[in-house]
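What follows is one structure encoded as structure tokens, with my remarks underneath.
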Amino acid sequence: MNDEWLKFKKYPHIGKPLTSKKDKGWLKDYIENPENIANHKFVPLLHRTLSQRKYRPTENAPKNSSGKRQRTVSDKKERHIYFPTHLDSNIYSYYSHLLTKAYEEYLENKPYGSVAVAYRKIPIGNGKSGNKSNIEFAFESFEFVENNKHRKLSIIVADVTAFFDNLDHRILHRQWKRVLNSTNLPDDHYTIFKNLVDNKYVNENELFKRFQHKLIIERFLPNDTSQKELKRKKVSEIYNMRHENVVAFCDKNEFFEEATDLIRADKPYKQGIRKKLNKEEKKGIPQGTPISATLANIYMLDFDEKVYSETTSRNAYYQRYSDDLIIICDQKDEKHFYQLIQKEIEVEANLDIQPKKTNIYRYELNKNTEFKGGLIKNEILNPNKQLEYLGFMYDGSKIRVKTAGFSKFYRTMKRSFRRGVHFAKSAHIPSDSLFETRLYKRFTHLGSQRRLKWLPDENSATGYSPSKHYDWGNFISYLNKANHVMKEINKDDTIIRQYRKVWSKFHDVKKATYEEIISLKK
């Protein structure tokens with residue numbers, strides 16, 4: 001077995017980070033011994049809430065002078081993410097590796113083995129290197145539509161409500177045993193399962209407040225930038241942690257001596273006692289651990305098998321990307337498939353379909369032999385609402401990247417420039433520089449190429465030598481790849497044309513930012 005599951009990251013948590021140089025040997029020996037894991041005491045997860053602003057037009061929003069519907073800020077979308085400690089993360093990663101292997105072996109000869117596409121390494125094939133991403137998976141769905149334009153098609157796109165938060169523990173336990181081909185979970189696997197369903201965690205903000213006067217930071221040794229040391233320092237605000245290079249909130253022993261009161265858990269765990277206390281049945285697993293995604297695919301095995309069987313028997317198409325699924329069928333079968341996924345999700349999988357994100361689209365050839373359609377609501381077709389799936393929009397002839405992706409990109413760009421203004425306000429920073437190279441690299445085509453990083457090297461004739469790391473590109477890289485893949489259907493550079501204004505918008509923001517900095521310095 002290779003060691004691709006073994007990862008060394010540096011996010012702040014309870015306990016110092018691990019390093020490949022010092023910890024790889026004992027870490028492998030410890031984690032690969034099932035007896036160790038069966039008796040392992042997990043540290044509580046670190047809970048963080050991620051908020052994303054929604055800036056969308058309401059259904060009946062009036063149009064402005066340019067014909068676009070006016071947008072309003074709606075409720076923020078919140079995601080609850082849980083981070084394990086560095087040791088626990090590698091334990092989860094190892095067992096995710098084992099379960100992924102068992103899952104792939106289980107599906108190897110199953111006809112429905114290819115319908116679940118998220119979190120799996122599925123080769124692109126056709127002589128091309130690399131694995132498929134959401135771009136290729138979306139293309140496969142649109143390609144099915146393209147190849148069946150002679151039919152009257154219905155397309156159902158559904159989203160499961162709070163997927164990870166609502167997984168039924170009994171179903172998860174049963175499916176876990178199923179892929180391991182075991183009547184009982186081995187002790188080490190059961191320890192992992194039990195820890196996930198118990199879900200003990202600590203809120204990040206509370207942990208910061210408790211230890212902010214003595215956080216563990218990393219610094220270079222005085223007069224020696226080749227070596228680092230760990231020190232203690234007070235940090236006034238949580239958003240300064242990255243700037244101060246905080247590597248840990250505290251030691252593990254410190255936490256259990258000083259902060260066990262911060263541990264949160266939905267007790268009691270036993271179903272019978274919860275019933276007596278009129279508490280709802282305990283559900284869900286934390287989202288964010290290295291094993292969560294693997295378990296999500298395992299959990300949906302019965303659903304995938306049933307829906308695939310039905311779609312195959314009716315010459316339809318089914319694909320599931322985590323909690324997003326798409327079914328493409330004849331319009332006469334639309335009701336059958338909608339009721340099928342409702343039953344299989346709500347009754348068999350004990351989950352809920354998200355009504356707001358479950359859409360039905362209909363497409364067919366019109367009198368001019370044009371393939372047209374749109375969203376169906378109350379049996380009324382809305383041609384202004386076209387098929388959306390995995391970040392793309394399809395109108396029956398062309399595929400484009402959703403405008404929401406560009407909105408997020410521009411917001412991030414503006415926020416990065418705003419940081420330049422923030423630092424310019426600081427009296428102790430004399431420079432007016434916006435670190436332009438970094439901004440160009442992140443937000444324009446100049447940083448879109450995947451390149452090997454070169455580092456300064458005094459012994460090299462050029463002054464630089466190649467490292468083992470790469471610049472992986474930016475959003476423009478993603479758009480270029482999407483354009484290349486979707487070109488088979490688009491027949492032109494539709495997606496490239498979508499970002500033709502990025503360069504000018506970048507420079508407009510840059511100019512406005514410098515003007516603001518100059519006015520602040522006067």
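Identifiers in this document derive from the order of the structure tokens: chains are assigned A, B, ..., residues are numbered from 1 separately in each chain, and ligands are numbered from 1 in order of occurrence.
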
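With only C-alpha atoms taken into account, the protein and nucleic acid residues at most 7 Å from stretch 467-483 of chain A (excluding it and anything under 6 positions from it in its own chain) are Ile135, Arg442, Phe443, Thr444, His445, Gly447, Ser448, Gln449, Arg450, Arg451, Leu452, Lys453, Trp454, Leu455, Asp493, Ile495 and Ile496 of chain A.
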
*List the neighbours of A:Thr513 out to 12 Å using only C-alpha atoms; skip same-chain residues closer than 3 positions along the sequence, and give me the result as JSON, numbers by chain.*
{"A": [413, 414, 415, 416, 417, 418, 419, 420, 421, 422, 423, 424, 432, 433, 434, 436, 506, 507, 508, 509, 510, 516, 517, 518, 519, 520]}

*asked:* I need the helix (DSSP H, G or I) residues of stretch 132-281 of chain A per DSSP on the backbone, written as a PyMOL selection string.
replied: chain A and resi 134-146+164-166+169-180+187-198+204-214+238-240+252-258+260-262+271-276

Resulting file, chosen residues, C-alpha atoms, as a PDB file, in the first residue's frame:
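Written file, part.pdb:
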```pdb
ATOM      1  CA  ASN A 134     -17.057  18.083 -12.173  1.00  0.00           C
ATOM      2  CA  ILE A 135     -16.390  19.468 -15.681  1.00  0.00           C
ATOM      3  CA  GLU A 136     -16.243  16.018 -17.290  1.00  0.00           C
ATOM      4  CA  PHE A 137     -19.183  14.752 -15.220  1.00  0.00           C
ATOM      5  CA  ALA A 138     -21.361  17.710 -16.251  1.00  0.00           C
ATOM      6  CA  PHE A 139     -20.287  17.184 -19.879  1.00  0.00           C
ATOM      7  CA  GLU A 140     -21.431  13.531 -19.762  1.00  0.00           C
ATOM      8  CA  SER A 141     -24.906  14.627 -18.650  1.00  0.00           C
ATOM      9  CA  PHE A 142     -25.187  17.332 -21.313  1.00  0.00           C
ATOM     10  CA  GLU A 143     -23.844  14.895 -23.911  1.00  0.00           C
ATOM     11  CA  PHE A 144     -26.722  12.499 -23.154  1.00  0.00           C
ATOM     12  CA  VAL A 145     -29.159  15.356 -23.843  1.00  0.00           C
ATOM     13  CA  GLU A 146     -27.336  16.235 -27.077  1.00  0.00           C
ATOM     14  CA  PHE A 164     -24.138  14.951   6.098  1.00  0.00           C
ATOM     15  CA  ASP A 165     -26.166  16.293   9.029  1.00  0.00           C
ATOM     16  CA  ASN A 166     -28.987  13.796   8.491  1.00  0.00           C
ATOM     17  CA  HIS A 169     -26.578   5.888  11.784  1.00  0.00           C
ATOM     18  CA  ARG A 170     -28.183   2.454  11.406  1.00  0.00           C
ATOM     19  CA  ILE A 171     -28.103   2.660   7.606  1.00  0.00           C
ATOM     20  CA  LEU A 172     -24.506   3.897   7.689  1.00  0.00           C
ATOM     21  CA  HIS A 173     -23.508   1.039  10.008  1.00  0.00           C
ATOM     22  CA  ARG A 174     -25.219  -1.508   7.709  1.00  0.00           C
ATOM     23  CA  GLN A 175     -23.617  -0.167   4.526  1.00  0.00           C
ATOM     24  CA  TRP A 176     -20.206   0.034   6.198  1.00  0.00           C
ATOM     25  CA  LYS A 177     -20.415  -3.698   6.965  1.00  0.00           C
ATOM     26  CA  ARG A 178     -21.698  -4.333   3.439  1.00  0.00           C
ATOM     27  CA  VAL A 179     -18.613  -2.963   1.672  1.00  0.00           C
ATOM     28  CA  LEU A 180     -16.317  -4.757   4.131  1.00  0.00           C
ATOM     29  CA  ASP A 187     -13.171  -3.175  16.518  1.00  0.00           C
ATOM     30  CA  ASP A 188     -10.973  -0.542  14.850  1.00  0.00           C
ATOM     31  CA  HIS A 189     -13.680   0.369  12.305  1.00  0.00           C
ATOM     32  CA  TYR A 190     -16.288   0.504  15.066  1.00  0.00           C
ATOM     33  CA  THR A 191     -14.135   2.961  17.036  1.00  0.00           C
ATOM     34  CA  ILE A 192     -14.039   5.229  13.969  1.00  0.00           C
ATOM     35  CA  PHE A 193     -17.808   4.862  13.463  1.00  0.00           C
ATOM     36  CA  LYS A 194     -18.599   5.530  17.133  1.00  0.00           C
ATOM     37  CA  ASN A 195     -16.444   8.649  17.263  1.00  0.00           C
ATOM     38  CA  LEU A 196     -18.067  10.078  14.130  1.00  0.00           C
ATOM     39  CA  VAL A 197     -21.650   9.535  15.270  1.00  0.00           C
ATOM     40  CA  ASP A 198     -20.885  10.899  18.769  1.00  0.00           C
ATOM     41  CA  GLU A 204     -13.087  27.572  17.203  1.00  0.00           C
ATOM     42  CA  ASN A 205     -13.931  31.027  18.592  1.00  0.00           C
ATOM     43  CA  GLU A 206     -14.298  29.692  22.146  1.00  0.00           C
ATOM     44  CA  LEU A 207     -11.006  27.799  21.922  1.00  0.00           C
ATOM     45  CA  PHE A 208      -9.269  30.940  20.663  1.00  0.00           C
ATOM     46  CA  LYS A 209     -10.588  33.056  23.547  1.00  0.00           C
ATOM     47  CA  ARG A 210      -9.433  30.474  26.096  1.00  0.00           C
ATOM     48  CA  PHE A 211      -5.837  30.291  24.795  1.00  0.00           C
ATOM     49  CA  GLN A 212      -5.312  33.552  22.915  1.00  0.00           C
ATOM     50  CA  HIS A 213      -2.836  34.780  25.549  1.00  0.00           C
ATOM     51  CA  LYS A 214      -0.457  31.875  24.863  1.00  0.00           C
ATOM     52  CA  ILE A 238      -8.717  35.465  15.592  1.00  0.00           C
ATOM     53  CA  TYR A 239      -8.324  36.814  12.047  1.00  0.00           C
ATOM     54  CA  ASN A 240      -4.688  37.676  12.844  1.00  0.00           C
ATOM     55  CA  LYS A 252      -3.202  18.288  23.943  1.00  0.00           C
ATOM     56  CA  ASN A 253      -2.479  17.980  27.676  1.00  0.00           C
ATOM     57  CA  GLU A 254      -3.160  21.699  28.181  1.00  0.00           C
ATOM     58  CA  PHE A 255      -6.559  21.339  26.574  1.00  0.00           C
ATOM     59  CA  PHE A 256      -7.649  18.453  28.782  1.00  0.00           C
ATOM     60  CA  GLU A 257      -6.347  20.236  31.877  1.00  0.00           C
ATOM     61  CA  GLU A 258      -7.824  23.674  31.150  1.00  0.00           C
ATOM     62  CA  THR A 260     -12.708  20.313  28.786  1.00  0.00           C
ATOM     63  CA  ASP A 261     -15.714  22.528  29.622  1.00  0.00           C
ATOM     64  CA  LEU A 262     -15.614  23.728  25.982  1.00  0.00           C
ATOM     65  CA  GLN A 271     -31.704   6.055  21.401  1.00  0.00           C
ATOM     66  CA  GLY A 272     -33.880   4.659  24.203  1.00  0.00           C
ATOM     67  CA  ILE A 273     -32.877   7.366  26.676  1.00  0.00           C
ATOM     68  CA  ARG A 274     -33.322  10.092  24.036  1.00  0.00           C
ATOM     69  CA  LYS A 275     -36.845   8.818  23.382  1.00  0.00           C
ATOM     70  CA  LYS A 276     -37.754   9.062  27.084  1.00  0.00           C
TER      71      LYS A 276
END
```

*stretch 19-36 of chain A environment, 9 Å, only C-alpha atoms, sequence neighbours closer than 2 positions dropped, as an NGL selection string*: :A and (3 or 6-10 or 17 or 38-40 or 87 or 90-91 or 94 or 186-189)

Could you dump the residues just selected with N, CA and C atoms as a PDB file, in the first residue's frame?
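The resulting file, out38.pdb, is shown below:
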```pdb
ATOM      1  N   ASP A   3       1.543   5.454   0.428  1.00  0.00           N
ATOM      2  CA  ASP A   3       1.257   6.321   1.574  1.00  0.00           C
ATOM      3  C   ASP A   3       0.521   7.586   1.170  1.00  0.00           C
ATOM      4  N   LEU A   6      -1.318   9.565   3.793  1.00  0.00           N
ATOM      5  CA  LEU A   6      -0.574  10.251   4.850  1.00  0.00           C
ATOM      6  C   LEU A   6      -0.321  11.702   4.436  1.00  0.00           C
ATOM      7  N   LYS A   7      -0.926  12.635   5.166  1.00  0.00           N
ATOM      8  CA  LYS A   7      -0.836  14.053   4.789  1.00  0.00           C
ATOM      9  C   LYS A   7      -0.404  14.890   5.990  1.00  0.00           C
ATOM     10  N   PHE A   8       0.467  15.845   5.724  1.00  0.00           N
ATOM     11  CA  PHE A   8       0.971  16.722   6.783  1.00  0.00           C
ATOM     12  C   PHE A   8       0.533  18.152   6.489  1.00  0.00           C
ATOM     13  N   LYS A   9      -0.410  18.631   7.286  1.00  0.00           N
ATOM     14  CA  LYS A   9      -0.947  19.975   7.102  1.00  0.00           C
ATOM     15  C   LYS A   9      -0.610  20.825   8.321  1.00  0.00           C
ATOM     16  N   LYS A  10      -0.845  22.136   8.204  1.00  0.00           N
ATOM     17  CA  LYS A  10      -0.376  23.035   9.266  1.00  0.00           C
ATOM     18  C   LYS A  10      -1.480  23.929   9.816  1.00  0.00           C
ATOM     19  N   PRO A  17       1.444  20.685  15.041  1.00  0.00           N
ATOM     20  CA  PRO A  17       1.355  19.959  13.765  1.00  0.00           C
ATOM     21  C   PRO A  17       2.440  18.905  13.637  1.00  0.00           C
ATOM     22  N   ALA A  38      -8.368   0.689  17.647  1.00  0.00           N
ATOM     23  CA  ALA A  38      -9.508   0.204  18.436  1.00  0.00           C
ATOM     24  C   ALA A  38      -9.523   0.842  19.824  1.00  0.00           C
ATOM     25  N   ASN A  39      -8.341   1.201  20.337  1.00  0.00           N
ATOM     26  CA  ASN A  39      -8.239   1.781  21.680  1.00  0.00           C
ATOM     27  C   ASN A  39      -7.873   3.267  21.657  1.00  0.00           C
ATOM     28  N   HIS A  40      -7.889   3.869  20.479  1.00  0.00           N
ATOM     29  CA  HIS A  40      -7.469   5.264  20.348  1.00  0.00           C
ATOM     30  C   HIS A  40      -8.494   6.211  20.958  1.00  0.00           C
ATOM     31  N   LEU A  87      -3.179  14.152  14.110  1.00  0.00           N
ATOM     32  CA  LEU A  87      -3.102  12.686  14.248  1.00  0.00           C
ATOM     33  C   LEU A  87      -4.433  12.054  13.850  1.00  0.00           C
ATOM     34  N   ASN A  90      -5.138  11.965  10.104  1.00  0.00           N
ATOM     35  CA  ASN A  90      -4.450  10.898   9.369  1.00  0.00           C
ATOM     36  C   ASN A  90      -5.061   9.531   9.638  1.00  0.00           C
ATOM     37  N   ILE A  91      -5.628   9.349  10.816  1.00  0.00           N
ATOM     38  CA  ILE A  91      -6.344   8.100  11.097  1.00  0.00           C
ATOM     39  C   ILE A  91      -7.575   8.007  10.189  1.00  0.00           C
ATOM     40  N   TYR A  94      -6.514   7.331   6.609  1.00  0.00           N
ATOM     41  CA  TYR A  94      -6.123   5.928   6.380  1.00  0.00           C
ATOM     42  C   TYR A  94      -7.357   5.044   6.218  1.00  0.00           C
ATOM     43  N   PRO A 186     -15.307  -4.593  12.417  1.00  0.00           N
ATOM     44  CA  PRO A 186     -14.110  -4.858  13.228  1.00  0.00           C
ATOM     45  C   PRO A 186     -13.952  -3.775  14.289  1.00  0.00           C
ATOM     46  N   ASP A 187     -13.281  -4.106  15.389  1.00  0.00           N
ATOM     47  CA  ASP A 187     -13.171  -3.175  16.518  1.00  0.00           C
ATOM     48  C   ASP A 187     -12.604  -1.816  16.109  1.00  0.00           C
ATOM     49  N   ASP A 188     -11.571  -1.824  15.247  1.00  0.00           N
ATOM     50  CA  ASP A 188     -10.973  -0.542  14.850  1.00  0.00           C
ATOM     51  C   ASP A 188     -11.951   0.291  14.019  1.00  0.00           C
ATOM     52  N   HIS A 189     -12.683  -0.344  13.111  1.00  0.00           N
ATOM     53  CA  HIS A 189     -13.680   0.369  12.305  1.00  0.00           C
ATOM     54  C   HIS A 189     -14.817   0.877  13.191  1.00  0.00           C
TER      55      HIS A 189
END
```

*Write out as a list of chain:residue names which residues come within 6 Å of A:Asp330 when counting only C-alpha atoms, dropping same-chain ones fewer than 5 positions away.*
A:Lys152, A:Leu153, A:Ser154

*Calculate how many Å separate atom CA of A:Glu218 from atom CA of A:Ser89, rounding to one decimal.*
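Separating atom CA of A:Glu218 from atom CA of A:Ser89 is a distance of 21.1 Å.
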
*May I have the residues within 10 Å of stretch 305-320 of chain A as a ChimeraX atom specification, using only C-alpha atoms and disregarding those fewer than 6 positions away in the same chain?*
/A:110-118,137-138,140-141,144-145,153-159,297,326-330,333,336-337,340-341,344

Store the residues picked out above in a file with C-alpha atoms, as a PDB file, in the first residue's frame.
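For reference, result-v5.pdb as written:
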```
ATOM      1  CA  LYS A 110     -21.880  -3.903 -10.478  1.00  0.00           C
ATOM      2  CA  PRO A 111     -23.792  -2.328 -13.403  1.00  0.00           C
ATOM      3  CA  TYR A 112     -24.428   0.819 -11.324  1.00  0.00           C
ATOM      4  CA  GLY A 113     -20.754   1.193 -10.412  1.00  0.00           C
ATOM      5  CA  SER A 114     -20.254   4.368 -12.446  1.00  0.00           C
ATOM      6  CA  VAL A 115     -23.258   6.485 -11.374  1.00  0.00           C
ATOM      7  CA  ALA A 116     -21.742   7.898  -8.145  1.00  0.00           C
ATOM      8  CA  VAL A 117     -18.981  10.200  -9.369  1.00  0.00           C
ATOM      9  CA  ALA A 118     -17.958  12.517  -6.488  1.00  0.00           C
ATOM     10  CA  PHE A 137     -19.183  14.752 -15.220  1.00  0.00           C
ATOM     11  CA  ALA A 138     -21.361  17.710 -16.251  1.00  0.00           C
ATOM     12  CA  GLU A 140     -21.431  13.531 -19.762  1.00  0.00           C
ATOM     13  CA  SER A 141     -24.906  14.627 -18.650  1.00  0.00           C
ATOM     14  CA  PHE A 144     -26.722  12.499 -23.154  1.00  0.00           C
ATOM     15  CA  VAL A 145     -29.159  15.356 -23.843  1.00  0.00           C
ATOM     16  CA  LEU A 153     -36.942  15.170 -22.488  1.00  0.00           C
ATOM     17  CA  SER A 154     -37.504  15.936 -18.831  1.00  0.00           C
ATOM     18  CA  ILE A 155     -34.494  16.655 -16.632  1.00  0.00           C
ATOM     19  CA  ILE A 156     -34.817  16.359 -12.866  1.00  0.00           C
ATOM     20  CA  VAL A 157     -32.063  17.975 -10.786  1.00  0.00           C
ATOM     21  CA  ALA A 158     -32.408  17.302  -7.063  1.00  0.00           C
ATOM     22  CA  ASP A 159     -30.473  18.227  -3.926  1.00  0.00           C
ATOM     23  CA  ASN A 297     -20.959   7.336  -1.204  1.00  0.00           C
ATOM     24  CA  ILE A 326     -29.631  14.376 -12.174  1.00  0.00           C
ATOM     25  CA  ILE A 327     -32.097  12.169 -14.052  1.00  0.00           C
ATOM     26  CA  ILE A 328     -32.759  12.671 -17.783  1.00  0.00           C
ATOM     27  CA  CYS A 329     -35.817  10.832 -19.072  1.00  0.00           C
ATOM     28  CA  ASP A 330     -38.772  10.989 -21.450  1.00  0.00           C
ATOM     29  CA  ASP A 333     -41.732   9.209 -17.333  1.00  0.00           C
ATOM     30  CA  HIS A 336     -42.520   8.249 -12.236  1.00  0.00           C
ATOM     31  CA  PHE A 337     -38.911   9.294 -11.624  1.00  0.00           C
ATOM     32  CA  LEU A 340     -39.149   7.360  -7.266  1.00  0.00           C
ATOM     33  CA  ILE A 341     -36.399   9.627  -5.956  1.00  0.00           C
ATOM     34  CA  GLU A 344     -35.971   6.310  -2.177  1.00  0.00           C
TER      35      GLU A 344
END
```

_Can you measure atom CA of A:Lys279 to atom CA of A:Gln342 for me? One decimal in Å is fine._
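Atom-to-atom, atom CA of A:Lys279 and atom CA of A:Gln342 are spaced 25.8 Å apart.
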
_What's around A:Gln287 at 7 Å? Count only C-alpha atoms, leave out sequence neighbours fewer than 3 positions away in its own chain, and write the answer as a list in words._
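The contact residues come out as Ile81, Tyr82, Phe164 and Ser292 of chain A.
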